[in-house]
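Shown next: query.cif, containing mmCIF, C-alpha atoms.
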```cif
data_input
#
loop_
_atom_site.label_atom_id
_atom_site.label_comp_id
_atom_site.auth_asym_id
_atom_site.auth_seq_id
_atom_site.Cartn_x
_atom_site.Cartn_y
_atom_site.Cartn_z
CA MET A 1 -21.19 11.90 -10.78
CA VAL A 2 -24.02 9.59 -9.76
CA THR A 3 -23.32 6.15 -11.24
CA ASN A 4 -25.09 2.86 -11.75
CA TYR A 5 -23.94 0.56 -8.94
CA LYS A 6 -25.03 -2.72 -10.51
CA ALA A 7 -23.41 -1.90 -13.84
CA GLU A 8 -20.01 -1.14 -12.29
CA LYS A 9 -19.72 -3.67 -9.47
CA GLY A 10 -19.25 -6.54 -11.95
CA GLY A 11 -15.96 -4.98 -13.01
CA TYR A 12 -14.81 -4.82 -9.37
CA TYR A 13 -15.50 -8.54 -8.90
CA LYS A 14 -13.63 -9.42 -12.11
CA VAL A 15 -10.60 -7.49 -10.84
CA LEU A 16 -10.90 -9.27 -7.46
CA PHE A 17 -10.81 -12.71 -9.09
CA GLY A 18 -7.85 -11.66 -11.25
CA LEU A 19 -5.93 -10.47 -8.20
CA LEU A 20 -6.83 -13.64 -6.26
CA ALA A 21 -5.54 -15.76 -9.16
CA LEU A 22 -2.27 -13.82 -9.22
CA THR A 23 -1.97 -14.15 -5.42
CA ALA A 24 -2.38 -17.93 -5.79
CA LEU A 25 0.33 -17.84 -8.47
CA THR A 26 2.57 -15.97 -6.01
CA PHE A 27 2.21 -18.87 -3.58
CA ILE A 28 2.69 -21.79 -5.95
CA GLN A 29 5.48 -20.34 -8.12
CA PRO A 30 8.47 -21.11 -5.79
CA THR A 31 7.53 -24.79 -5.49
CA MET A 32 5.89 -25.38 -8.88
CA PHE A 33 8.14 -23.70 -11.45
CA LEU A 34 11.44 -21.84 -11.88
CA PRO A 35 12.40 -21.79 -8.15
CA ASP A 36 15.83 -20.35 -8.98
CA MET A 37 14.15 -17.29 -10.50
CA THR A 38 11.81 -16.69 -7.57
CA PHE A 39 12.77 -13.08 -6.86
CA GLY A 40 12.37 -11.89 -10.47
CA LEU A 41 9.10 -13.76 -10.99
CA GLN A 42 7.65 -12.56 -7.68
CA MET A 43 8.42 -8.95 -8.61
CA LEU A 44 6.93 -9.53 -12.08
CA ILE A 45 3.69 -10.90 -10.59
CA GLY A 46 3.66 -7.98 -8.13
CA THR A 47 4.07 -5.51 -11.00
CA VAL A 48 1.12 -7.05 -12.90
CA LYS A 49 -1.01 -6.88 -9.73
CA ALA A 50 0.04 -3.26 -9.17
CA TRP A 51 -0.87 -2.36 -12.76
CA ILE A 52 -4.34 -3.91 -12.38
CA ILE A 53 -4.92 -2.07 -9.07
CA LEU A 54 -3.77 1.24 -10.57
CA MET A 55 -5.87 0.92 -13.72
CA TYR A 56 -9.13 -0.42 -12.27
CA TYR A 57 -9.32 0.15 -8.50
CA MET A 58 -7.51 3.51 -8.60
CA HIS A 59 -9.29 4.56 -11.80
CA LEU A 60 -6.14 5.53 -13.72
CA LYS A 61 -7.55 4.11 -16.93
CA GLY A 62 -8.32 7.08 -19.15
CA GLU A 63 -6.60 9.58 -16.81
CA THR A 64 -3.98 11.19 -19.06
CA LEU A 65 -2.58 13.91 -16.76
CA ILE A 66 -2.49 11.84 -13.57
CA GLY A 67 -1.28 8.83 -15.58
CA TRP A 68 1.78 10.71 -16.84
CA THR A 69 2.42 12.10 -13.33
CA VAL A 70 2.49 8.54 -11.98
CA ILE A 71 4.75 7.38 -14.82
CA PHE A 72 7.15 10.25 -14.05
CA ALA A 73 7.28 9.39 -10.32
CA VAL A 74 7.81 5.69 -11.04
CA PHE A 75 10.52 6.61 -13.57
CA ILE A 76 12.40 8.58 -10.88
CA VAL A 77 12.22 5.62 -8.47
CA VAL A 78 13.37 3.15 -11.16
CA PHE A 79 16.13 5.54 -12.32
CA PHE A 80 17.62 5.77 -8.83
CA PHE A 81 17.13 2.03 -8.40
CA ALA A 82 19.23 1.43 -11.52
CA ILE A 83 22.01 3.79 -10.36
CA VAL A 84 22.17 2.19 -6.90
CA ILE A 85 22.20 -1.38 -8.23
CA ILE A 86 24.96 -0.56 -10.71
CA ASP A 87 26.90 1.20 -7.95
CA VAL A 88 26.48 -1.47 -5.30
CA ASN A 89 27.97 -4.09 -7.60
CA ASN A 90 31.14 -1.96 -7.77
CA PHE A 91 31.20 -0.78 -4.15
CA GLN A 92 34.90 -0.30 -3.37
CA TYR A 93 34.59 -0.01 0.44
CA ALA A 94 32.59 -3.21 0.99
CA ASP A 95 35.29 -4.74 3.19
CA VAL A 96 35.60 -1.78 5.58
CA SER A 97 32.11 -0.31 5.59
CA HIS A 98 29.97 -0.85 8.69
CA ILE A 99 26.94 -0.64 6.46
CA THR A 100 27.92 -3.62 4.38
CA SER A 101 29.61 -5.69 7.08
CA PRO A 102 29.68 -5.77 10.90
CA ALA A 103 32.17 -3.67 12.84
CA LYS A 104 35.46 -5.49 13.36
CA MET B 1 -19.69 37.21 0.45
CA ALA B 2 -20.58 34.39 2.81
CA HIS B 3 -24.01 32.83 2.74
CA ASP B 4 -26.06 31.72 5.71
CA SER B 5 -25.71 27.93 5.66
CA HIS B 6 -28.14 27.50 8.59
CA GLU B 7 -31.08 28.23 6.32
CA HIS B 8 -30.29 25.25 4.12
CA ASP B 9 -30.49 21.53 4.52
CA ALA B 10 -27.10 20.03 5.46
CA HIS B 11 -27.11 17.79 2.37
CA VAL B 12 -27.51 20.65 -0.09
CA TYR B 13 -24.29 22.19 -1.32
CA VAL B 14 -24.68 25.95 -1.61
CA PRO B 15 -21.96 27.76 -3.51
CA GLU B 16 -20.28 30.83 -2.07
CA ILE B 17 -20.83 34.00 -4.12
CA ALA B 18 -18.23 36.73 -4.56
CA ILE B 19 -19.14 40.14 -6.01
CA ASP B 20 -16.54 42.05 -8.02
CA ARG B 21 -16.08 45.86 -8.11
CA ASP B 22 -18.55 46.10 -10.99
CA GLY B 23 -21.23 44.40 -8.95
CA LYS B 24 -21.14 41.14 -10.91
CA GLU B 25 -21.66 37.91 -8.99
CA HIS B 26 -19.23 34.99 -9.35
CA VAL B 27 -19.45 31.49 -7.89
CA VAL B 28 -16.40 30.83 -5.71
CA GLN B 29 -14.82 27.53 -6.72
CA GLY B 30 -14.52 25.70 -3.40
CA TRP B 31 -12.74 22.38 -2.92
CA GLN B 32 -16.07 20.59 -2.74
CA GLY B 33 -16.76 21.48 -6.34
CA ASP B 34 -13.23 21.13 -7.67
CA TYR B 35 -13.31 17.39 -8.15
CA GLU B 36 -10.40 17.21 -10.62
CA GLY B 37 -8.20 19.51 -8.50
CA GLY B 38 -8.95 17.50 -5.37
CA LYS B 39 -8.09 14.28 -7.16
CA LEU B 40 -4.85 15.60 -8.71
CA GLY B 41 -3.73 17.07 -5.39
CA PHE B 42 -4.25 13.78 -3.61
CA TRP B 43 -2.36 11.92 -6.33
CA LEU B 44 0.59 14.26 -5.78
CA PHE B 45 0.50 13.42 -2.06
CA MET B 46 0.38 9.70 -2.86
CA LEU B 47 3.39 10.03 -5.15
CA THR B 48 5.40 11.32 -2.18
CA GLU B 49 4.38 8.09 -0.43
CA VAL B 50 5.58 6.12 -3.45
CA LEU B 51 8.93 7.93 -3.33
CA MET B 52 9.26 7.28 0.43
CA PHE B 53 8.52 3.56 0.15
CA GLY B 54 10.54 3.50 -3.10
CA ALA B 55 13.60 4.73 -1.16
CA MET B 56 13.04 1.97 1.40
CA PHE B 57 12.78 -0.66 -1.31
CA MET B 58 16.00 0.75 -2.77
CA VAL B 59 17.81 0.28 0.56
CA LEU B 60 16.33 -3.22 0.79
CA THR B 61 17.57 -4.07 -2.71
CA TYR B 62 21.00 -2.65 -1.86
CA TYR B 63 21.31 -4.94 1.17
CA PHE B 64 19.79 -7.89 -0.72
CA THR B 65 22.46 -7.54 -3.41
CA LEU B 66 25.25 -7.50 -0.80
CA HIS B 67 23.86 -10.22 1.50
CA HIS B 68 21.92 -12.41 -0.90
CA GLN B 69 22.10 -15.71 0.98
CA ASP B 70 21.42 -14.18 4.40
CA PHE B 71 18.28 -12.56 3.00
CA ILE B 72 17.11 -15.88 1.51
CA ASN B 73 17.71 -17.64 4.85
CA ALA B 74 15.95 -14.94 6.87
CA SER B 75 12.97 -14.84 4.48
CA ALA B 76 12.61 -18.62 4.75
CA GLY B 77 12.02 -18.19 8.49
CA LEU B 78 9.00 -15.90 8.13
CA ASN B 79 5.48 -17.26 8.43
CA ARG B 80 4.18 -17.24 4.85
CA VAL B 81 0.71 -18.49 5.85
CA LEU B 82 0.05 -15.45 8.05
CA GLY B 83 1.57 -13.13 5.44
CA GLY B 84 -0.63 -14.74 2.79
CA VAL B 85 -3.76 -14.43 4.95
CA ASN B 86 -3.04 -10.72 5.32
CA THR B 87 -2.56 -10.41 1.55
CA VAL B 88 -6.04 -11.86 0.95
CA VAL B 89 -7.56 -9.75 3.75
CA LEU B 90 -6.19 -6.56 2.16
CA LEU B 91 -7.44 -7.70 -1.25
CA PHE B 92 -11.00 -8.06 0.03
CA SER B 93 -10.73 -4.77 1.92
CA ALA B 94 -9.84 -3.03 -1.35
CA LEU B 95 -13.00 -4.55 -2.84
CA THR B 96 -15.26 -3.40 0.01
CA MET B 97 -13.74 0.09 -0.15
CA GLY B 98 -14.31 0.26 -3.93
CA LEU B 99 -17.87 -1.04 -3.64
CA GLY B 100 -18.54 1.51 -0.88
CA LEU B 101 -17.51 4.32 -3.23
CA LEU B 102 -19.70 2.89 -5.99
CA LYS B 103 -22.67 2.70 -3.60
CA MET B 104 -22.06 6.30 -2.51
CA ARG B 105 -21.94 7.50 -6.11
CA SER B 106 -25.12 5.61 -6.95
CA GLY B 107 -26.96 7.26 -4.06
CA ASP B 108 -26.94 4.34 -1.58
CA VAL B 109 -25.43 6.21 1.38
CA LYS B 110 -26.42 3.54 3.93
CA GLY B 111 -24.81 0.80 1.82
CA ALA B 112 -21.68 2.93 1.42
CA LYS B 113 -21.37 3.32 5.19
CA LEU B 114 -21.79 -0.43 5.64
CA MET B 115 -18.95 -1.07 3.19
CA ILE B 116 -16.70 1.42 5.01
CA TRP B 117 -17.36 -0.44 8.28
CA ALA B 118 -16.55 -3.73 6.52
CA THR B 119 -13.27 -2.23 5.29
CA MET B 120 -12.40 -1.09 8.82
CA LEU B 121 -13.18 -4.56 10.16
CA LEU B 122 -10.83 -6.14 7.58
CA ALA B 123 -8.18 -3.54 8.44
CA ALA B 124 -8.48 -4.53 12.11
CA VAL B 125 -8.13 -8.21 11.13
CA PHE B 126 -4.95 -7.31 9.21
CA LEU B 127 -3.50 -5.58 12.28
CA GLY B 128 -4.53 -8.51 14.50
CA VAL B 129 -2.76 -11.04 12.25
CA LYS B 130 0.29 -8.79 12.14
CA ALA B 131 0.28 -8.55 15.96
CA VAL B 132 0.14 -12.38 16.24
CA GLU B 133 3.03 -12.64 13.80
CA TRP B 134 5.22 -10.07 15.55
CA THR B 135 4.46 -11.66 18.95
CA ALA B 136 5.55 -15.08 17.65
CA GLU B 137 8.72 -13.54 16.26
CA TYR B 138 9.40 -11.84 19.60
CA HIS B 139 9.07 -15.18 21.42
CA HIS B 140 11.56 -16.64 18.93
CA GLY B 141 14.00 -13.91 19.96
CA ILE B 142 13.61 -11.97 16.73
CA PHE B 143 12.67 -8.38 17.39
CA LEU B 144 14.28 -4.97 17.26
CA GLY B 145 16.62 -4.51 20.20
CA LEU B 146 16.90 -8.21 21.12
CA ASP B 147 20.31 -9.90 21.13
CA ALA B 148 19.72 -11.85 17.91
CA LEU B 149 19.41 -8.62 15.95
CA GLN B 150 22.41 -6.92 17.60
CA SER B 151 25.83 -7.67 16.17
CA GLY B 152 28.75 -8.66 18.37
CA ASN B 153 27.21 -11.12 20.86
CA GLU B 154 26.87 -14.90 21.04
CA HIS B 155 23.21 -14.85 19.97
CA SER B 156 23.78 -12.57 16.98
CA LYS B 157 22.31 -13.62 13.67
CA PRO B 158 24.47 -13.25 10.54
CA PHE B 159 24.87 -9.58 9.60
CA GLY B 160 22.71 -9.85 6.47
CA GLU B 161 19.86 -11.38 8.49
CA ILE B 162 20.11 -8.52 11.02
CA LEU B 163 19.72 -6.07 8.12
CA PHE B 164 16.83 -8.12 6.67
CA PHE B 165 14.87 -8.17 9.93
CA GLY B 166 15.68 -4.49 10.57
CA MET B 167 14.10 -3.62 7.22
CA TYR B 168 11.27 -6.13 7.78
CA PHE B 169 10.16 -4.58 11.07
CA THR B 170 10.66 -1.04 9.76
CA MET B 171 8.72 -1.50 6.53
CA THR B 172 5.91 -3.73 7.81
CA GLY B 173 5.68 -1.41 10.84
CA LEU B 174 5.40 1.68 8.65
CA HIS B 175 2.86 -0.11 6.48
CA GLY B 176 0.88 -1.06 9.61
CA PHE B 177 1.00 2.58 10.69
CA HIS B 178 -0.58 3.47 7.34
CA ILE B 179 -3.33 0.93 8.05
CA ILE B 180 -4.02 2.63 11.40
CA ILE B 181 -4.10 6.04 9.67
CA GLY B 182 -6.51 4.52 7.12
CA ILE B 183 -8.88 3.39 9.88
CA GLY B 184 -8.75 6.92 11.32
CA LEU B 185 -9.52 8.41 7.90
CA MET B 186 -12.48 6.06 7.46
CA LEU B 187 -13.88 7.05 10.86
CA TRP B 188 -13.53 10.70 9.83
CA LEU B 189 -15.22 9.90 6.51
CA LEU B 190 -18.18 8.30 8.33
CA LYS B 191 -18.45 11.44 10.49
CA ARG B 192 -18.48 13.63 7.36
CA ILE B 193 -21.11 11.40 5.72
CA ASN B 194 -23.29 11.51 8.84
CA SER B 195 -23.07 15.32 8.95
CA GLY B 196 -24.03 15.54 5.28
CA LYS B 197 -20.71 16.96 4.10
CA VAL B 198 -19.99 13.93 1.91
CA THR B 199 -22.89 13.09 -0.36
CA PRO B 200 -23.46 11.14 -3.61
CA GLU B 201 -22.94 14.43 -5.49
CA HIS B 202 -19.90 15.62 -3.48
CA ASN B 203 -17.85 12.51 -2.80
CA ILE B 204 -14.26 13.63 -3.46
CA LEU B 205 -13.25 12.89 0.17
CA HIS B 206 -14.64 9.36 -0.14
CA PHE B 207 -12.87 8.97 -3.51
CA ASN B 208 -9.52 10.13 -2.12
CA ILE B 209 -9.70 7.95 1.00
CA ALA B 210 -10.51 4.98 -1.28
CA LEU B 211 -7.41 5.93 -3.32
CA TYR B 212 -5.35 6.02 -0.11
CA TRP B 213 -6.58 2.56 0.83
CA ASP B 214 -5.68 1.23 -2.62
CA LEU B 215 -2.18 2.71 -2.19
CA VAL B 216 -1.81 0.89 1.14
CA HIS B 217 -2.85 -2.30 -0.69
CA LEU B 218 -0.46 -1.53 -3.56
CA ILE B 219 2.53 -1.17 -1.21
CA TRP B 220 1.71 -4.53 0.39
CA VAL B 221 1.67 -6.11 -3.09
CA PHE B 222 5.47 -5.57 -3.11
CA VAL B 223 6.20 -5.83 0.63
CA PHE B 224 4.73 -9.35 0.82
CA PRO B 225 6.80 -11.09 -1.91
CA TYR B 226 9.97 -9.15 -1.06
CA PHE B 227 10.00 -10.31 2.57
CA TYR B 228 7.98 -13.51 2.63
CA MET B 229 8.50 -15.19 -0.74
CA ILE B 230 12.13 -14.68 -1.77
CA GLY B 231 13.21 -17.49 0.59
CA ALA B 232 10.57 -19.91 -0.65
CA GLY B 233 12.16 -21.04 -3.84
CA ASP B 234 15.93 -21.09 -3.49
CA ILE B 235 17.11 -24.67 -3.00
CA ALA B 236 20.14 -23.41 -1.08
CA GLY B 237 17.92 -21.16 0.99
CA GLY B 238 18.19 -23.17 4.18
CA VAL B 239 15.49 -25.05 6.04
CA ILE B 240 12.02 -23.60 5.58
CA HIS B 241 10.59 -23.22 9.05
CA GLY B 242 7.48 -21.28 9.86
CA HIS B 243 6.77 -20.21 13.41
#
```
Translate the structure described by the file into C-alpha cells.
Amino acid sequence: MVTNYKAEKGGYYKVLFGLLALTALTFIQPTMFLPDMTFGLQMLIGTVKAWIILMYYMHLKGETLIGWTVIFAVFIVVFFFAIVIIDVNNFQYADVSHITSPAK
Amino acid sequence: MAHDSHEHDAHVYVPEIAIDRDGKEHVVQGWQGDYEGGKLGFWLFMLTEVLMFGAMFMVLTYYFTLHHQDFINASAGLNRVLGGVNTVVLLFSALTMGLGLLKMRSGDVKGAKLMIWATMLLAAVFLGVKAVEWTAEYHHGIFLGLDALQSGNEHSKPFGEILFFGMYFTMTGLHGFHIIIGIGLMLWLLKRINSGKVTPEHNILHFNIALYWDLVHLIWVFVFPYFYMIGAGDIAGGVIHGH
C-alpha cells in the first residue's frame, strides 16, 4: 500500500492542469463559439471533467467491479432522465398543473 | 478472542484471533484489513448520493424544458465570477486532498495532515464565497420566502424564474451542506491519524474521505454550468447583470 509520492504526484498535477483548461473553456465558450448551443456544450464539458475526475482522482481506472457498478448507477439516472424528458414534452396537463404554471 | 491492545504501540495493527472448536486459530478479518470491501462499500454509499442529486437534476431538467426562457433569464442574473472562483477553489481542494492521500501512503504522515488542513481551508473559502453570494442575492430580494420568489404578488418573478431560484437555493444549499459534512469528516480523520488509527499501512478511512471530497467536487462540476452558465450564451437571454 505504501507508494512513491514523487512518482505519483506528477499525474495529479497533469489532471489539475487539464481540469483548469476545461474550466477556462467553460467560461469562454458562451461568448467565443456556438452560443446558441451553450447548454449542450456546457454539459459535454462537464461530462469530460467528470470522467477525468472519476478515472484519475477517484482511481476508477483499472477498477472493473466498481467501474461497472458506477456505470449501472449512471445508466439508471440517464434512463429515468430519458423517460422524463420524453414525457415532459407530451405533458397533457401543462395548462392546469400548478407544477408547470402558477395557480390561477 | 480479544487481544490486549494496551500492550502494543498505537500505530501497530494487531489482528484479532478467533479459535474454532478444533482449537485452530484464525485471523478475524476486520474492516481495517478489508481494504477492497471498505472501498466497495463506500462506493455503494456514494452511488446513493449520485441517485439523490441525479433526481434533483432530473427535476431541474423537467422545469428547464417547460420554462426555457425564464431559466435563461434567471441564470443570466447569477454572479458567474463568484461561481467560477468557487469552481477553481474546489478544483485545488481536490488536488490537496489527493496529494494528502499520496503523502499518507508514502509514509509522510505530517505532510498528509498539512494537506488535509489545506483542503479544509479551501472548503472554508468555498463556504465564505457562497455566503457572500447568497447575502448579495438576499439584498437583491432573491431568497427563499421573499416576495420575489412567491407567486401571486406584485413583486413576483415569472413562474419559471421562481422554480429556477427554488432549485438553485436547494441544490447549492445541499451541496454546501455536503461541504460542511466534508470538513467534519476531515477533522475526524485528523483525530484518527493523531491517535494512530489511520496510518500509511491502514489508510482506507483517508482513501474514502478523499473519495467523498472528489464526489462533492464532481457534483459541483454539473451544478456550476447548469445554474451559472446556461444564461451566458443565449442572445435572447436578457441583460446579463451580475450582482
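Residue nearest Tyr63 (chain B), chosen from A:Val88, A:Leu60, A:Tyr93, A:Pro35 and counting all atoms listed in the file: A:Val88.
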Check your understanding: Of the candidates B:Leu218, B:Ile17, B:Ala232, B:Gly77, which one gets nearest to Leu34 (chain A) if we count only C-alpha atoms?
Key -> B:Ala232
For the PyMOL selection byres ((chain A and resi 27) around 12), applied here, can you spell out every residue it catches as a compact mmCIF listing (two decimals) with C-alpha atoms, in the coordinates of the input?
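Writing the result to result-v9.txt gives the following:
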```txt
# COMPACT_ATOMS: atom_id res chain seq x y z
CA LEU A 20 -6.83 -13.64 -6.26
CA ALA A 21 -5.54 -15.76 -9.16
CA LEU A 22 -2.27 -13.82 -9.22
CA THR A 23 -1.97 -14.15 -5.42
CA ALA A 24 -2.38 -17.93 -5.79
CA LEU A 25 0.33 -17.84 -8.47
CA THR A 26 2.57 -15.97 -6.01
CA ILE A 28 2.69 -21.79 -5.95
CA GLN A 29 5.48 -20.34 -8.12
CA PRO A 30 8.47 -21.11 -5.79
CA THR A 31 7.53 -24.79 -5.49
CA MET A 32 5.89 -25.38 -8.88
CA PHE A 33 8.14 -23.70 -11.45
CA PRO A 35 12.40 -21.79 -8.15
CA THR A 38 11.81 -16.69 -7.57
CA LEU A 41 9.10 -13.76 -10.99
CA GLN A 42 7.65 -12.56 -7.68
CA ILE A 45 3.69 -10.90 -10.59
CA GLY A 46 3.66 -7.98 -8.13
CA ARG B 80 4.18 -17.24 4.85
CA VAL B 81 0.71 -18.49 5.85
CA GLY B 83 1.57 -13.13 5.44
CA GLY B 84 -0.63 -14.74 2.79
CA VAL B 85 -3.76 -14.43 4.95
CA THR B 87 -2.56 -10.41 1.55
CA VAL B 88 -6.04 -11.86 0.95
CA PHE B 224 4.73 -9.35 0.82
CA PRO B 225 6.80 -11.09 -1.91
CA TYR B 228 7.98 -13.51 2.63
CA MET B 229 8.50 -15.19 -0.74
CA ILE B 230 12.13 -14.68 -1.77
CA GLY B 231 13.21 -17.49 0.59
CA ALA B 232 10.57 -19.91 -0.65
CA GLY B 233 12.16 -21.04 -3.84
```
Practice item. Within 8 Å of chain A, which residues of chain B are there when counting only C-alpha atoms? Please give them as a ChimeraX atom specification. Key: /B:40,43,47,50-51,54-55,58,61-63,65-66,87-88,91-92,94-95,98-99,102-103,105-107,151,159,200-201,211,214,218,221-222,225-226,229-230,232-235
Could you give me, as a compact mmCIF listing (two decimals) with C-alpha atoms, keeping the file's coordinate frame, the residues within 7 Å of region 204-206 of chain B, counting only C-alpha atoms and dropping anything in the same chain fewer than 6 positions from it?
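Full text of part_6.txt as output:
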```txt
# COMPACT_ATOMS: atom_id res chain seq x y z
CA TYR B 35 -13.31 17.39 -8.15
CA GLY B 38 -8.95 17.50 -5.37
CA LEU B 101 -17.51 4.32 -3.23
CA LEU B 189 -15.22 9.90 6.51
```
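Interatomic distance, CA of Met120 (chain B) against CA of Phe207 (chain B): 15.9 Å.
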Point to revise | Separation of CA of Asp108 (chain B) from CA of Ile209 (chain B) in Å | key: 17.8 Å
Practice item. Evaluate the PyMOL selection byres ((chain B and resi 175-180) around 9) and record the selected residues as a ChimeraX atom specification, following the chain and residue labels used in the document. Key: /B:123-124,126-127,130,170-174,181-185,213,216,219-220,223
Export of prior selection with C-alpha atoms as a PDB file, in the frame of the given file:
```pdb
ATOM      1  CA  ALA B 123      -8.180  -3.540   8.440  1.00  0.00           C
ATOM      2  CA  ALA B 124      -8.480  -4.530  12.110  1.00  0.00           C
ATOM      3  CA  PHE B 126      -4.950  -7.310   9.210  1.00  0.00           C
ATOM      4  CA  LEU B 127      -3.500  -5.580  12.280  1.00  0.00           C
ATOM      5  CA  LYS B 130       0.290  -8.790  12.140  1.00  0.00           C
ATOM      6  CA  THR B 170      10.660  -1.040   9.760  1.00  0.00           C
ATOM      7  CA  MET B 171       8.720  -1.500   6.530  1.00  0.00           C
ATOM      8  CA  THR B 172       5.910  -3.730   7.810  1.00  0.00           C
ATOM      9  CA  GLY B 173       5.680  -1.410  10.840  1.00  0.00           C
ATOM     10  CA  LEU B 174       5.400   1.680   8.650  1.00  0.00           C
ATOM     11  CA  ILE B 181      -4.100   6.040   9.670  1.00  0.00           C
ATOM     12  CA  GLY B 182      -6.510   4.520   7.120  1.00  0.00           C
ATOM     13  CA  ILE B 183      -8.880   3.390   9.880  1.00  0.00           C
ATOM     14  CA  GLY B 184      -8.750   6.920  11.320  1.00  0.00           C
ATOM     15  CA  LEU B 185      -9.520   8.410   7.900  1.00  0.00           C
ATOM     16  CA  TRP B 213      -6.580   2.560   0.830  1.00  0.00           C
ATOM     17  CA  VAL B 216      -1.810   0.890   1.140  1.00  0.00           C
ATOM     18  CA  ILE B 219       2.530  -1.170  -1.210  1.00  0.00           C
ATOM     19  CA  TRP B 220       1.710  -4.530   0.390  1.00  0.00           C
ATOM     20  CA  VAL B 223       6.200  -5.830   0.630  1.00  0.00           C
TER      21      VAL B 223
END
```
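Residue nearest Leu190 (chain B) within the list B:Lys113, B:Thr48, B:His68, B:Ala76: B:Lys113 [criterion: smallest interatomic distance, all atoms listed in the file].
Coordinates place CA of Gln69 (chain B) at a distance of 22.9 Å from CA of Tyr138 (chain B).
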Kindly list the centre and edge lengths in Å, rounded to one decimal, for the axis-aligned box that covers all listed atoms of region 69-83 of chain A plus 5 Å on each of its six sides, as JSON.
```
{"center_x": 12.2, "center_y": 6.8, "center_z": -11.6, "size_x": 29.6, "size_y": 20.7, "size_z": 16.4}
```
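The residue set within 8 Å of Ile116 (chain B), counting only C-alpha atoms and dropping same-chain residues fewer than 6 places from it, reads Thr96, Met97, Gly100, Met186 and Leu190 of chain B.
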Can you sort out region 15-27 of chain A so it carries N, CA and C atoms, written as a PDB file, in the frame of the given file?
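Below is the file rebuild13.pdb, written as the result:
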```
ATOM      1  N   VAL A  15     -11.944  -7.877 -11.282  1.00  0.00           N
ATOM      2  CA  VAL A  15     -10.600  -7.490 -10.840  1.00  0.00           C
ATOM      3  C   VAL A  15     -10.208  -8.299  -9.597  1.00  0.00           C
ATOM      4  N   LEU A  16     -11.182  -8.482  -8.674  1.00  0.00           N
ATOM      5  CA  LEU A  16     -10.900  -9.270  -7.460  1.00  0.00           C
ATOM      6  C   LEU A  16     -10.445 -10.674  -7.826  1.00  0.00           C
ATOM      7  N   PHE A  17     -11.164 -11.334  -8.726  1.00  0.00           N
ATOM      8  CA  PHE A  17     -10.810 -12.710  -9.090  1.00  0.00           C
ATOM      9  C   PHE A  17      -9.446 -12.750  -9.793  1.00  0.00           C
ATOM     10  N   GLY A  18      -9.168 -11.745 -10.605  1.00  0.00           N
ATOM     11  CA  GLY A  18      -7.850 -11.660 -11.250  1.00  0.00           C
ATOM     12  C   GLY A  18      -6.739 -11.540 -10.229  1.00  0.00           C
ATOM     13  N   LEU A  19      -6.950 -10.671  -9.238  1.00  0.00           N
ATOM     14  CA  LEU A  19      -5.930 -10.470  -8.200  1.00  0.00           C
ATOM     15  C   LEU A  19      -5.778 -11.714  -7.318  1.00  0.00           C
ATOM     16  N   LEU A  20      -6.906 -12.396  -7.042  1.00  0.00           N
ATOM     17  CA  LEU A  20      -6.830 -13.640  -6.260  1.00  0.00           C
ATOM     18  C   LEU A  20      -6.039 -14.701  -7.014  1.00  0.00           C
ATOM     19  N   ALA A  21      -6.259 -14.787  -8.328  1.00  0.00           N
ATOM     20  CA  ALA A  21      -5.540 -15.760  -9.160  1.00  0.00           C
ATOM     21  C   ALA A  21      -4.034 -15.467  -9.131  1.00  0.00           C
ATOM     22  N   LEU A  22      -3.686 -14.196  -9.244  1.00  0.00           N
ATOM     23  CA  LEU A  22      -2.270 -13.820  -9.220  1.00  0.00           C
ATOM     24  C   LEU A  22      -1.648 -14.067  -7.836  1.00  0.00           C
ATOM     25  N   THR A  23      -2.460 -13.869  -6.774  1.00  0.00           N
ATOM     26  CA  THR A  23      -1.970 -14.150  -5.420  1.00  0.00           C
ATOM     27  C   THR A  23      -1.700 -15.657  -5.268  1.00  0.00           C
ATOM     28  N   ALA A  24      -2.605 -16.479  -5.821  1.00  0.00           N
ATOM     29  CA  ALA A  24      -2.380 -17.930  -5.790  1.00  0.00           C
ATOM     30  C   ALA A  24      -1.111 -18.281  -6.555  1.00  0.00           C
ATOM     31  N   LEU A  25      -0.885 -17.611  -7.671  1.00  0.00           N
ATOM     32  CA  LEU A  25       0.330 -17.840  -8.470  1.00  0.00           C
ATOM     33  C   LEU A  25       1.578 -17.472  -7.660  1.00  0.00           C
ATOM     34  N   THR A  26       1.470 -16.398  -6.881  1.00  0.00           N
ATOM     35  CA  THR A  26       2.570 -15.970  -6.010  1.00  0.00           C
ATOM     36  C   THR A  26       2.969 -17.111  -5.068  1.00  0.00           C
ATOM     37  N   PHE A  27       1.949 -17.815  -4.549  1.00  0.00           N
ATOM     38  CA  PHE A  27       2.210 -18.870  -3.580  1.00  0.00           C
ATOM     39  C   PHE A  27       2.784 -20.139  -4.216  1.00  0.00           C
TER      40      PHE A  27
END
```
